[in-house]
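Pasted below: entry-v9.csv, CSV, C-alpha atoms and all ligand atoms.
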```csv
chain,number,residue,atom,x,y,z
S,47,MET,CA,0.0,0.0,0.0
S,48,LYS,CA,1.1,3.6,-0.7
S,49,PRO,CA,1.1,6.3,2.0
S,50,LYS,CA,-2.0,8.5,1.9
S,51,GLU,CA,0.2,11.5,1.1
S,52,LEU,CA,3.8,12.0,0.2
S,53,ASN,CA,6.1,14.9,0.8
S,54,LYS,CA,4.6,15.8,4.1
S,55,ILE,CA,5.7,16.4,7.7
S,56,TYR,CA,3.2,15.4,10.4
S,57,LYS,CA,3.3,17.3,13.6
S,58,GLY,CA,3.3,15.2,16.7
S,59,ASP,CA,5.0,12.3,18.6
S,60,CYS,CA,6.4,9.8,16.1
S,61,ASN,CA,5.6,7.0,18.6
S,62,THR,CA,1.8,7.8,18.0
S,63,LEU,CA,1.9,9.0,14.4
S,64,LEU,CA,3.9,6.1,13.0
S,65,LYS,CA,1.1,3.7,14.1
S,66,ASP,CA,-1.3,5.4,11.6
S,67,THR,CA,-1.3,2.9,8.8
S,68,ASN,CA,-2.9,5.5,6.4
S,69,PHE,CA,0.0,7.8,6.7
S,70,PHE,CA,2.5,5.1,7.2
S,71,PRO,CA,1.4,1.8,5.6
S,72,ASP,CA,3.3,-1.5,6.0
S,73,LYS,CA,6.3,-1.8,3.7
S,74,SER,CA,5.9,1.6,2.1
S,75,VAL,CA,9.2,3.3,2.8
S,76,ASP,CA,12.5,2.7,1.0
S,77,LEU,CA,14.9,4.4,3.4
S,78,ILE,CA,14.6,5.7,6.9
S,79,ILE,CA,17.3,8.1,8.0
S,80,THR,CA,17.1,9.9,11.3
S,81,SER,CA,18.9,11.4,14.2
S,82,PRO,CA,16.7,11.0,17.3
S,83,PRO,CA,17.4,13.1,20.5
S,84,TYR,CA,20.5,11.5,22.1
S,85,ALA,CA,20.1,10.4,25.7
S,86,ASP,CA,20.4,13.2,28.3
S,87,LYS,CA,21.0,15.8,25.5
S,88,ARG,CA,19.3,19.2,24.9
S,89,LYS,CA,17.0,18.9,27.8
S,90,SER,CA,16.1,22.6,27.4
S,91,THR,CA,15.1,22.3,23.8
S,92,TYR,CA,13.3,19.0,23.5
S,93,GLY,CA,13.5,16.9,26.6
S,94,GLY,CA,16.4,14.6,27.0
S,95,ILE,CA,15.7,10.9,27.7
S,96,HIS,CA,17.7,9.3,30.5
S,97,PRO,CA,20.2,6.8,29.2
S,98,ASP,CA,18.7,4.1,31.4
S,99,LYS,CA,15.2,4.7,29.8
S,100,TYR,CA,16.4,5.2,26.3
S,101,VAL,CA,16.0,1.6,25.0
S,102,GLU,CA,12.5,1.3,26.4
S,103,TRP,CA,11.6,4.7,24.8
S,104,PHE,CA,13.0,3.8,21.4
S,105,LYS,CA,11.8,0.2,21.1
S,106,PRO,CA,8.1,1.0,20.1
S,107,ILE,CA,9.4,3.5,17.6
S,108,SER,CA,11.9,1.0,16.0
S,109,LYS,CA,9.1,-1.6,15.9
S,110,GLU,CA,6.9,0.7,13.8
S,111,LEU,CA,9.9,1.6,11.6
S,112,HIS,CA,10.4,-2.1,11.0
S,113,ARG,CA,6.8,-2.4,9.9
S,114,VAL,CA,6.8,0.6,7.5
S,115,LEU,CA,10.2,-0.2,5.9
S,116,LYS,CA,10.1,-2.2,2.6
S,117,ASP,CA,11.7,-5.6,2.9
S,118,ASN,CA,14.6,-4.4,0.7
S,119,GLY,CA,14.9,-1.1,2.4
S,120,SER,CA,17.5,0.3,4.9
S,121,PHE,CA,17.4,2.2,8.2
S,122,ILE,CA,20.2,4.6,9.1
S,123,LEU,CA,20.3,5.6,12.7
S,124,ASN,CA,22.6,8.6,13.5
S,125,ILE,CA,23.4,8.4,17.2
S,126,LYS,CA,26.3,8.7,19.7
S,127,GLU,CA,26.6,8.0,23.4
S,128,HIS,CA,28.2,10.8,25.4
S,129,PRO,CA,30.5,10.4,28.3
S,130,LYS,CA,29.0,10.7,31.8
S,131,ASN,CA,31.0,10.5,35.1
S,132,GLY,CA,34.2,9.9,33.1
S,133,GLU,CA,33.0,6.9,31.0
S,134,ARG,CA,31.1,6.3,27.8
S,135,GLY,CA,27.5,5.2,28.2
S,136,THR,CA,26.4,1.9,26.7
S,137,TYR,CA,22.8,2.6,25.8
S,138,VAL,CA,23.5,2.6,22.0
S,139,LEU,CA,25.0,-0.9,22.3
S,140,GLU,CA,22.0,-2.0,24.4
S,141,LEU,CA,19.7,-0.6,21.8
S,142,ILE,CA,21.4,-2.5,19.0
S,143,LEU,CA,20.9,-5.7,20.8
S,144,GLU,CA,17.3,-5.0,21.5
S,145,MET,CA,16.7,-4.0,17.9
S,146,LYS,CA,18.2,-7.3,16.8
S,147,LYS,CA,15.6,-9.0,18.9
S,148,GLN,CA,12.9,-7.1,17.0
S,149,GLY,CA,14.1,-8.6,13.8
S,150,TRP,CA,16.5,-5.9,12.6
S,151,LEU,CA,19.8,-7.0,11.0
S,152,TRP,CA,22.7,-4.8,12.0
S,153,ILE,CA,24.6,-4.6,8.7
S,154,GLU,CA,27.2,-1.9,9.3
S,155,GLU,CA,28.4,1.0,11.3
S,156,TYR,CA,29.5,4.0,9.3
S,157,CYS,CA,31.6,6.5,11.1
S,158,TRP,CA,30.7,10.0,10.3
S,159,TYR,CA,33.8,12.1,10.8
S,160,LYS,CA,32.8,15.6,11.9
S,161,LYS,CA,35.3,18.2,11.0
S,162,ASN,CA,33.7,21.0,13.1
S,163,SER,CA,34.4,19.6,16.6
S,164,PHE,CA,36.0,22.2,18.8
S,165,PRO,CA,39.5,21.7,20.1
S,166,GLY,CA,39.7,21.3,23.9
S,167,LYS,CA,41.4,19.4,26.7
S,168,TRP,CA,39.7,16.6,28.6
S,169,PRO,CA,41.4,14.6,31.4
S,170,ASN,CA,40.9,11.1,30.0
S,171,ARG,CA,40.1,11.4,26.3
S,172,PHE,CA,40.5,13.5,23.2
S,173,ARG,CA,38.0,15.7,21.3
S,174,ASP,CA,35.0,13.8,20.0
S,175,SER,CA,35.0,14.0,16.2
S,176,TRP,CA,32.7,11.2,15.0
S,177,GLU,CA,29.2,9.9,15.3
S,178,ARG,CA,27.7,6.5,14.6
S,179,CYS,CA,25.5,6.0,11.5
S,180,LEU,CA,24.2,2.5,12.2
S,181,HIS,CA,22.8,0.6,9.2
S,182,PHE,CA,20.0,-1.8,9.8
S,183,THR,CA,17.9,-3.8,7.4
S,184,LYS,CA,15.1,-6.4,7.5
S,185,LYS,CA,16.8,-8.9,5.1
S,186,LYS,CA,20.3,-9.7,4.0
S,187,ASP,CA,19.3,-8.9,0.5
S,188,PHE,CA,18.6,-5.2,0.3
S,189,LYS,CA,18.9,-2.4,-2.3
S,190,MET,CA,22.4,-0.8,-2.4
S,191,TYR,CA,23.6,1.3,-5.3
S,192,GLN,CA,27.3,1.3,-4.5
S,193,GLU,CA,28.3,2.8,-7.9
S,194,ALA,CA,26.4,6.0,-6.9
S,195,VAL,CA,28.9,7.0,-4.2
S,196,LYS,CA,32.2,6.1,-5.8
S,197,VAL,CA,35.1,8.5,-5.0
S,198,PRO,CA,38.2,9.5,-6.9
S,199,ILE,CA,40.9,6.9,-6.4
S,200,GLY,CA,43.3,9.5,-4.9
S,201,ASP,CA,46.9,10.6,-5.4
S,202,TRP,CA,48.4,7.5,-4.0
S,203,ALA,CA,47.4,5.5,-7.1
S,204,ALA,CA,49.8,7.1,-9.6
S,205,LYS,CA,52.8,6.3,-7.4
S,206,ARG,CA,51.7,2.8,-6.4
S,207,PHE,CA,50.9,1.7,-9.9
S,208,LYS,CA,54.3,2.9,-11.3
S,209,SER,CA,56.1,0.0,-9.7
S,210,MET,CA,53.9,-3.1,-10.0
S,211,SER,CA,55.3,-6.4,-8.9
S,212,GLU,CA,54.2,-9.8,-10.2
S,213,ASP,CA,52.4,-10.3,-7.0
S,214,ASP,CA,50.2,-7.3,-7.8
S,215,PHE,CA,48.6,-9.2,-10.7
S,216,ILE,CA,47.4,-12.2,-8.7
S,217,ARG,CA,44.7,-12.4,-6.0
S,218,ARG,CA,46.9,-12.3,-3.0
S,219,VAL,CA,45.7,-13.5,0.4
S,220,SER,CA,46.7,-11.4,3.3
S,221,LYS,CA,49.8,-12.6,5.2
S,222,ASN,CA,48.2,-12.2,8.6
S,223,ASN,CA,45.6,-14.9,8.0
S,224,ASN,CA,42.6,-12.5,8.3
S,225,HIS,CA,40.9,-14.0,5.2
S,226,LEU,CA,41.2,-10.8,3.2
S,227,ALA,CA,42.5,-11.0,-0.3
S,228,ARG,CA,43.2,-8.4,-3.1
S,229,ASN,CA,44.4,-8.1,-6.6
S,230,VAL,CA,46.0,-4.7,-6.9
S,231,SER,CA,46.0,-4.8,-10.7
S,232,ASN,CA,42.2,-4.7,-10.7
S,233,TRP,CA,42.5,-1.0,-9.9
S,234,LEU,CA,45.0,-0.1,-12.6
S,235,ASN,CA,43.7,2.8,-14.8
S,236,LYS,CA,40.6,3.1,-12.6
S,237,LYS,CA,39.7,6.7,-11.8
S,238,LYS,CA,37.1,6.0,-9.1
S,239,VAL,CA,36.8,3.5,-6.3
S,240,PHE,CA,34.2,2.5,-3.7
S,241,PRO,CA,34.5,4.7,-0.6
S,242,HIS,CA,35.4,3.4,2.9
S,243,ASN,CA,33.0,3.3,5.8
S,244,VAL,CA,34.4,6.5,7.4
S,245,ILE,CA,32.3,9.3,5.9
S,246,VAL,CA,34.4,12.4,5.3
S,247,PHE,CA,32.8,15.1,3.3
S,248,GLU,CA,35.9,16.4,1.5
S,249,GLU,CA,35.5,18.2,-1.8
S,250,GLU,CA,36.0,15.0,-3.9
S,251,HIS,CA,33.6,13.0,-1.8
S,252,ARG,CA,30.9,15.4,-2.9
S,253,LEU,CA,31.2,14.7,-6.6
S,254,TYR,CA,27.9,12.8,-6.7
S,255,LEU,CA,26.1,15.9,-5.5
S,256,SER,CA,24.5,18.2,-8.1
S,257,ASN,CA,25.2,21.9,-8.1
S,258,VAL,CA,21.8,22.5,-6.5
S,259,VAL,CA,22.7,20.2,-3.6
S,260,GLU,CA,26.0,21.9,-3.3
S,261,SER,CA,24.4,25.3,-2.8
S,262,ALA,CA,22.0,23.8,-0.2
S,263,VAL,CA,25.0,22.3,1.6
S,264,GLU,CA,26.6,25.7,1.8
S,265,SER,CA,23.5,27.3,3.3
S,266,SER,CA,22.6,24.4,5.7
S,267,SER,CA,24.9,25.6,8.4
S,268,LYS,CA,22.7,28.7,8.8
S,269,LYS,CA,19.6,26.7,9.7
S,270,ASN,CA,17.7,27.5,12.9
S,271,HIS,CA,18.0,24.2,14.9
S,272,SER,CA,20.4,23.2,17.6
S,273,ALA,CA,21.2,19.7,16.3
S,274,ILE,CA,21.0,19.6,12.5
S,275,PHE,CA,23.0,17.2,10.4
S,276,PRO,CA,24.4,18.6,7.2
S,277,ILE,CA,22.4,18.0,4.0
S,278,GLU,CA,25.3,15.9,2.6
S,279,LEU,CA,24.8,13.2,5.2
S,280,PRO,CA,21.3,12.2,4.3
S,281,SER,CA,22.2,12.9,0.6
S,282,TRP,CA,25.0,10.3,0.7
S,283,PHE,CA,22.7,7.6,2.1
S,284,ILE,CA,19.9,8.5,-0.2
S,285,HIS,CA,22.3,8.0,-3.1
S,286,LEU,CA,23.5,4.7,-1.7
S,287,PHE,CA,20.2,3.1,-0.8
S,288,THR,CA,17.5,4.6,-3.1
S,289,LYS,CA,16.6,5.5,-6.6
S,290,GLU,CA,14.7,8.6,-7.9
S,291,ARG,CA,11.0,8.7,-6.7
S,292,ASP,CA,11.7,6.3,-3.8
S,293,VAL,CA,10.3,7.3,-0.3
S,294,VAL,CA,12.6,8.5,2.4
S,295,LEU,CA,11.3,8.8,6.0
S,296,ASP,CA,12.7,10.8,8.9
S,297,PRO,CA,10.6,10.4,12.1
S,298,PHE,CA,12.7,13.1,13.9
S,299,MET,CA,12.6,15.6,11.2
S,300,GLY,CA,14.0,18.7,13.0
S,301,SER,CA,14.8,21.5,10.6
S,302,GLY,CA,14.0,19.2,7.6
S,303,SER,CA,17.5,18.3,6.4
S,304,THR,CA,16.3,14.8,5.3
S,305,ALA,CA,13.3,16.2,3.4
S,306,VAL,CA,15.5,18.8,1.7
S,307,ALA,CA,18.1,16.1,0.8
S,308,ALA,CA,15.3,13.9,-0.6
S,309,LEU,CA,13.8,16.8,-2.7
S,310,LEU,CA,17.2,17.9,-4.0
S,311,ASN,CA,17.8,14.3,-5.1
S,312,HIS,CA,14.4,13.8,-6.7
S,313,ARG,CA,13.1,11.4,-4.0
S,314,ASN,CA,9.9,11.7,-2.0
S,315,TYR,CA,10.0,12.4,1.8
S,316,LEU,CA,7.8,11.7,4.8
S,317,GLY,CA,8.4,12.9,8.3
S,318,THR,CA,7.2,13.6,11.8
S,319,GLU,CA,8.4,16.3,14.2
S,320,ILE,CA,7.0,16.9,17.7
S,321,GLN,CA,7.8,20.7,17.9
S,322,SER,CA,5.7,23.2,16.0
S,323,GLU,CA,8.6,25.6,15.6
S,324,TYR,CA,10.7,23.0,13.9
S,325,VAL,CA,7.8,21.9,11.7
S,326,LYS,CA,7.6,25.6,10.6
S,327,GLU,CA,11.4,25.8,10.2
S,328,ALA,CA,11.4,22.6,8.1
S,329,THR,CA,8.6,23.8,5.9
S,330,LYS,CA,10.4,27.1,5.3
S,331,ASN,CA,13.6,25.3,4.4
S,332,ILE,CA,11.7,22.9,2.1
S,333,LEU,CA,10.0,25.8,0.3
S,334,GLU,CA,13.3,27.6,-0.2
S,335,VAL,CA,14.8,24.5,-1.7
S,336,GLU,CA,11.8,24.0,-4.0
S,337,GLU,CA,12.2,27.6,-5.2
S,338,GLU,CA,16.0,27.0,-5.7
S,339,VAL,CA,15.4,23.8,-7.6
S,340,LEU,CA,12.8,25.5,-9.8
S,341,LYS,CA,15.2,28.4,-10.5
S,342,ASN,CA,17.9,26.0,-11.5
S,343,LYS,CA,15.5,24.1,-13.6
S,344,LYS,CA,14.8,27.2,-15.6
S,345,LYS,CA,18.6,27.7,-16.1
S,346,LYS,CA,19.3,24.0,-16.8
S,347,PRO,CA,16.4,22.3,-18.6
S,348,THR,CA,17.9,18.9,-18.0
S,349,HIS,CA,16.9,18.9,-14.3
S,350,LYS,CA,14.1,16.5,-13.5
S,351,LYS,CA,10.7,17.1,-11.7
S,352,ILE,CA,10.9,17.1,-7.9
S,353,HIS,CA,7.4,16.0,-7.1
S,354,THR,CA,5.9,12.9,-8.7
L,1,LIG,C1,18.6,15.7,16.7
L,1,LIG,S1,17.1,16.5,16.2
L,1,LIG,C2,17.0,16.1,14.5
L,1,LIG,C3,17.7,17.2,13.6
L,1,LIG,C4,17.5,16.9,12.2
L,1,LIG,N1,18.3,15.7,11.7
L,1,LIG,C5,18.0,18.1,11.4
L,1,LIG,O1,19.0,18.0,10.6
L,1,LIG,O2,17.4,19.2,11.6
L,1,LIG,C6,15.8,15.6,16.9
L,1,LIG,C7,14.5,16.1,16.6
L,1,LIG,O3,13.5,15.2,17.0
L,1,LIG,C8,12.4,15.9,17.6
L,1,LIG,N2,11.7,15.0,18.4
L,1,LIG,C9,12.0,14.6,19.7
L,1,LIG,N3,11.1,13.7,20.2
L,1,LIG,C10,10.3,13.4,19.2
L,1,LIG,C11,9.2,12.6,19.1
L,1,LIG,N4,8.8,11.8,20.1
L,1,LIG,N5,8.5,12.5,17.9
L,1,LIG,C12,8.9,13.3,16.8
L,1,LIG,N6,9.9,14.2,16.9
L,1,LIG,C13,10.6,14.3,18.1
L,1,LIG,C14,13.0,17.1,18.2
L,1,LIG,O4,12.1,18.2,18.4
L,1,LIG,C15,14.2,17.4,17.3
L,1,LIG,O5,13.8,18.4,16.4
```
Could I get this structure in the form of structure tokens?
Amino acid sequence: MKPKELNKIYKGDCNTLLKDTNFFPDKSVDLIITSPPYADKRKSTYGGIHPDKYVEWFKPISKELHRVLKDNGSFILNIKEHPKNGERGTYVLELILEMKKQGWLWIEEYCWYKKNSFPGKWPNRFRDSWERCLHFTKKKDFKMYQEAVKVPIGDWAAKRFKSMSEDDFIRRVSKNNNHLARNVSNWLNKKKVFPHNVIVFEEEHRLYLSNVVESAVESSSKKNHSAIFPIELPSWFIHLFTKERDVVLDPFMGSGSTAVAALLNHRNYLGTEIQSEYVKEATKNILEVEEEVLKNKKKKPTHKKIHT
């Protein structure tokens, strides 16, 4: 079944709204990408769930997300446990175990490297510069468009390929018995390679983004929300796990970054957000992007329709 409406953000608690099978029918969404409130964070803006209560709070939500996701879809959960009383919490790890009991497969953990962390001095650790992007699916066989996020091979290649040994032309098994094997010659003359699982948005990693997405990326830092993720993060996963016109859901929509990324990449979005001011903010950001896309369409007639 299809959702009653696409390209809409519902105002309210996702825990209640997601249960509405008219808005969110079974197996109707291709990709879920979201950044829920982290435990104990931003109490003044939107609550802050105690780490000990987090898993119980999230479980009914992840149960509904499992229901609405298509069998070949993916769920990306951006989350990070913070240190408390000198040590890291474990609620994210506990959540992963609980979600596995719900039927989720934990496929991968992407590390999102955040370049904007402030320098500082802590007694027992260094500055925190990454967050988890946990990848869950319902089945082992899911849609993944790896070609869509290839990156330039990098400067190391020219030097490495100048001096090839015989060994480089055979599939060589790793000497430390870790069952890894590689054939270096496979990459000769290749301009692009698959990226690694540390997501770093350097210039060259953005090549898959259109000019329109680039300009939205530039302006996304100005958005009026205390915990936005940059447009390029949902954009990257949208490219990796969906095709044009697929449906992308963000149950914690905030300032609308996921919706904006979906629109810019010609996908449909759905979302929920509990705070009216953020629904307004998201709506404003979405309208701005729609105007921008239309303007660009006039300049470049090859751009495709955003709504289907
Ligand atoms: C970390 S922010 C998401 C930011 C978003 N990714 C962005 O780029 O703007 C989490 C959002 O979830 C919203 N929220 C918190 N509890 C919620 C709930 N039960 N249902 C729906 N939204 C909720 C908060 O108001 C906040 O805007």
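Relative to CA of Ser120 (chain S), CA of Phe287 (chain S) is found at 6.9 Å.
If you look at CA of Arg291 (chain S) and CA of Cys60 (chain S), they are 23.3 Å away from each other.
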Neighbourhood query: residues within 12 Å of (-1.2, 9.4, -0.1), file coordinates, counting all atoms listed in the file; return as a tab-separated table (two decimals) with C-alpha atoms, in the frame of the given file.
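To be explicit, this is the file written out as part00.tsv:
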```tsv
chain	number	residue	atom	x	y	z
S	47	MET	CA	0.00	0.00	0.00
S	48	LYS	CA	1.10	3.60	-0.70
S	49	PRO	CA	1.10	6.30	2.00
S	50	LYS	CA	-2.00	8.50	1.90
S	51	GLU	CA	0.20	11.50	1.10
S	52	LEU	CA	3.80	12.00	0.20
S	53	ASN	CA	6.10	14.90	0.80
S	54	LYS	CA	4.60	15.80	4.10
S	67	THR	CA	-1.30	2.90	8.80
S	68	ASN	CA	-2.90	5.50	6.40
S	69	PHE	CA	0.00	7.80	6.70
S	70	PHE	CA	2.50	5.10	7.20
S	71	PRO	CA	1.40	1.80	5.60
S	74	SER	CA	5.90	1.60	2.10
S	293	VAL	CA	10.30	7.30	-0.30
S	314	ASN	CA	9.90	11.70	-2.00
S	315	TYR	CA	10.00	12.40	1.80
S	316	LEU	CA	7.80	11.70	4.80
S	354	THR	CA	5.90	12.90	-8.70
```
Using only C-alpha atoms and all ligand atoms, find each residue of chain S with at least one atom at most 9 Å away from an atom of ligand LIG 1 (chain L); report its shortest atom-to-atom pair and that distance in Å (one decimal), sort the rows by chain and rising residue number, and return the result as a tab-separated table.
```
residue	atom	partner	partner_atom	distance
S:Tyr56	CA	L:LIG1	C12	8.8
S:Lys57	CA	L:LIG1	C12	7.6
S:Gly58	CA	L:LIG1	C12	5.9
S:Asp59	CA	L:LIG1	N5	3.6
S:Cys60	CA	L:LIG1	N5	3.9
S:Asn61	CA	L:LIG1	N4	6.0
S:Thr62	CA	L:LIG1	N5	8.2
S:Leu63	CA	L:LIG1	N5	8.2
S:Ile79	CA	L:LIG1	N1	8.5
S:Thr80	CA	L:LIG1	N1	5.9
S:Ser81	CA	L:LIG1	C1	5.0
S:Pro82	CA	L:LIG1	C6	4.7
S:Pro83	CA	L:LIG1	C6	4.7
S:Tyr84	CA	L:LIG1	C1	7.1
S:Arg88	CA	L:LIG1	C1	8.9
S:Thr91	CA	L:LIG1	O4	7.4
S:Tyr92	CA	L:LIG1	O4	5.3
S:Gly93	CA	L:LIG1	C9	7.4
S:Gly94	CA	L:LIG1	C9	8.5
S:Trp103	CA	L:LIG1	N4	9.0
S:Ile107	CA	L:LIG1	N4	8.7
S:Asn124	CA	L:LIG1	N1	8.5
S:Ile125	CA	L:LIG1	C1	8.8
S:Ser266	CA	L:LIG1	O1	8.8
S:Lys269	CA	L:LIG1	O2	8.0
S:Asn270	CA	L:LIG1	O2	8.4
S:His271	CA	L:LIG1	O2	6.0
S:Ser272	CA	L:LIG1	S1	7.6
S:Ala273	CA	L:LIG1	C1	4.8
S:Ile274	CA	L:LIG1	O1	3.2
S:Phe275	CA	L:LIG1	O1	4.1
S:Pro276	CA	L:LIG1	O1	6.4
S:Ile277	CA	L:LIG1	O1	7.4
S:Pro280	CA	L:LIG1	N1	8.7
S:Asp296	CA	L:LIG1	N1	8.0
S:Pro297	CA	L:LIG1	C12	5.8
S:Phe298	CA	L:LIG1	O3	3.8
S:Met299	CA	L:LIG1	C4	5.2
S:Gly300	CA	L:LIG1	O5	3.4
S:Ser301	CA	L:LIG1	O2	3.6
S:Gly302	CA	L:LIG1	O2	5.2
S:Ser303	CA	L:LIG1	O1	4.5
S:Thr304	CA	L:LIG1	O1	6.8
S:Gly317	CA	L:LIG1	C12	8.5
S:Thr318	CA	L:LIG1	C12	5.3
S:Glu319	CA	L:LIG1	N6	3.7
S:Ile320	CA	L:LIG1	N6	4.0
S:Gln321	CA	L:LIG1	O4	5.0
S:Ser322	CA	L:LIG1	O4	8.5
S:Glu323	CA	L:LIG1	O4	8.7
S:Tyr324	CA	L:LIG1	O5	6.1
S:Val325	CA	L:LIG1	O5	8.4
S:Ala328	CA	L:LIG1	O2	7.7
```
Worksheet entry | Point-to-point distance from CA of Glu278 (chain S) to CA of Gly119 (chain S), Å rounded to tenths |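 CA of Glu278 (chain S) sits 19.9 Å away from CA of Gly119 (chain S).
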Worksheet entry | Closest of S:His285, S:Lys208, S:Lys341, S:His112 to Trp150 (chain S) - atom-to-atom distances counting only C-alpha atoms |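 With only C-alpha atoms as the atom set, the closest residue is S:His112.
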Discussion item. Give me the residues near Asp76 (chain S) as a PyMOL selection string, where near means some atom within 9 Å (using all atoms listed in the file) and where sequence neighbours in that chain fewer than 2 positions away do not count.
Written reply: chain S and resi 73-74+78+114-121+189+287-288+292-295
Take the residues from that selection and put them in a file with C-alpha atoms, as a PDB file, keeping the file's coordinate frame.
```pdb
ATOM      1  CA  LYS S  73       6.300  -1.800   3.700  1.00  0.00           C
ATOM      2  CA  SER S  74       5.900   1.600   2.100  1.00  0.00           C
ATOM      3  CA  ILE S  78      14.600   5.700   6.900  1.00  0.00           C
ATOM      4  CA  VAL S 114       6.800   0.600   7.500  1.00  0.00           C
ATOM      5  CA  LEU S 115      10.200  -0.200   5.900  1.00  0.00           C
ATOM      6  CA  LYS S 116      10.100  -2.200   2.600  1.00  0.00           C
ATOM      7  CA  ASP S 117      11.700  -5.600   2.900  1.00  0.00           C
ATOM      8  CA  ASN S 118      14.600  -4.400   0.700  1.00  0.00           C
ATOM      9  CA  GLY S 119      14.900  -1.100   2.400  1.00  0.00           C
ATOM     10  CA  SER S 120      17.500   0.300   4.900  1.00  0.00           C
ATOM     11  CA  PHE S 121      17.400   2.200   8.200  1.00  0.00           C
ATOM     12  CA  LYS S 189      18.900  -2.400  -2.300  1.00  0.00           C
ATOM     13  CA  PHE S 287      20.200   3.100  -0.800  1.00  0.00           C
ATOM     14  CA  THR S 288      17.500   4.600  -3.100  1.00  0.00           C
ATOM     15  CA  ASP S 292      11.700   6.300  -3.800  1.00  0.00           C
ATOM     16  CA  VAL S 293      10.300   7.300  -0.300  1.00  0.00           C
ATOM     17  CA  VAL S 294      12.600   8.500   2.400  1.00  0.00           C
ATOM     18  CA  LEU S 295      11.300   8.800   6.000  1.00  0.00           C
TER      19      LEU S 295
END
```
Item to complete: Just the residues within 7 Å of region 232-245 of chain S, please, counting only C-alpha atoms, with nothing from its chain fewer than 2 positions along; format it as JSON, numbers by chain.
Response: {"S": [156, 157, 158, 159, 195, 196, 197, 198, 199, 207, 229, 230, 247]}
Discussion item. I need the residue nearest Glu144 (chain S) from this list: S:Gly132, S:Glu177, S:Glu102, S:Lys126. Use all atoms listed in the file for the distance.
Written reply: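 For Glu144 (chain S), the nearest of the candidates is S:Glu102.
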Worksheet item: Which residues come within 8 Å of Val335 (chain S), counting only C-alpha atoms, excluding same-chain residues fewer than 2 positions away, as number ranges by chain?
Response: S: 262, 306, 309-310, 331-333, 337-339
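For the set S:Trp282, S:Phe215, S:Trp176, S:Trp202, the residue with the smallest atom-to-atom gap to His128 (chain S) is S:Trp176, counting all atoms listed in the file.
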Worksheet entry | Residue contacts of Arg134 (chain S) (12 Å, all atoms listed in the file) excluding same-chain residues fewer than 5 positions away, as a list in words |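 Result of the neighbour search: Ala85, Pro97, Lys126, Glu127, His128, Pro129, Leu139, Asn170, Arg171 and Asp174 of chain S.
In this comparison, which uses all atoms listed in the file, the residue of S:Ala305, S:Met210, S:Ile122, S:Val101 approaching Met145 (chain S) most closely is S:Val101.
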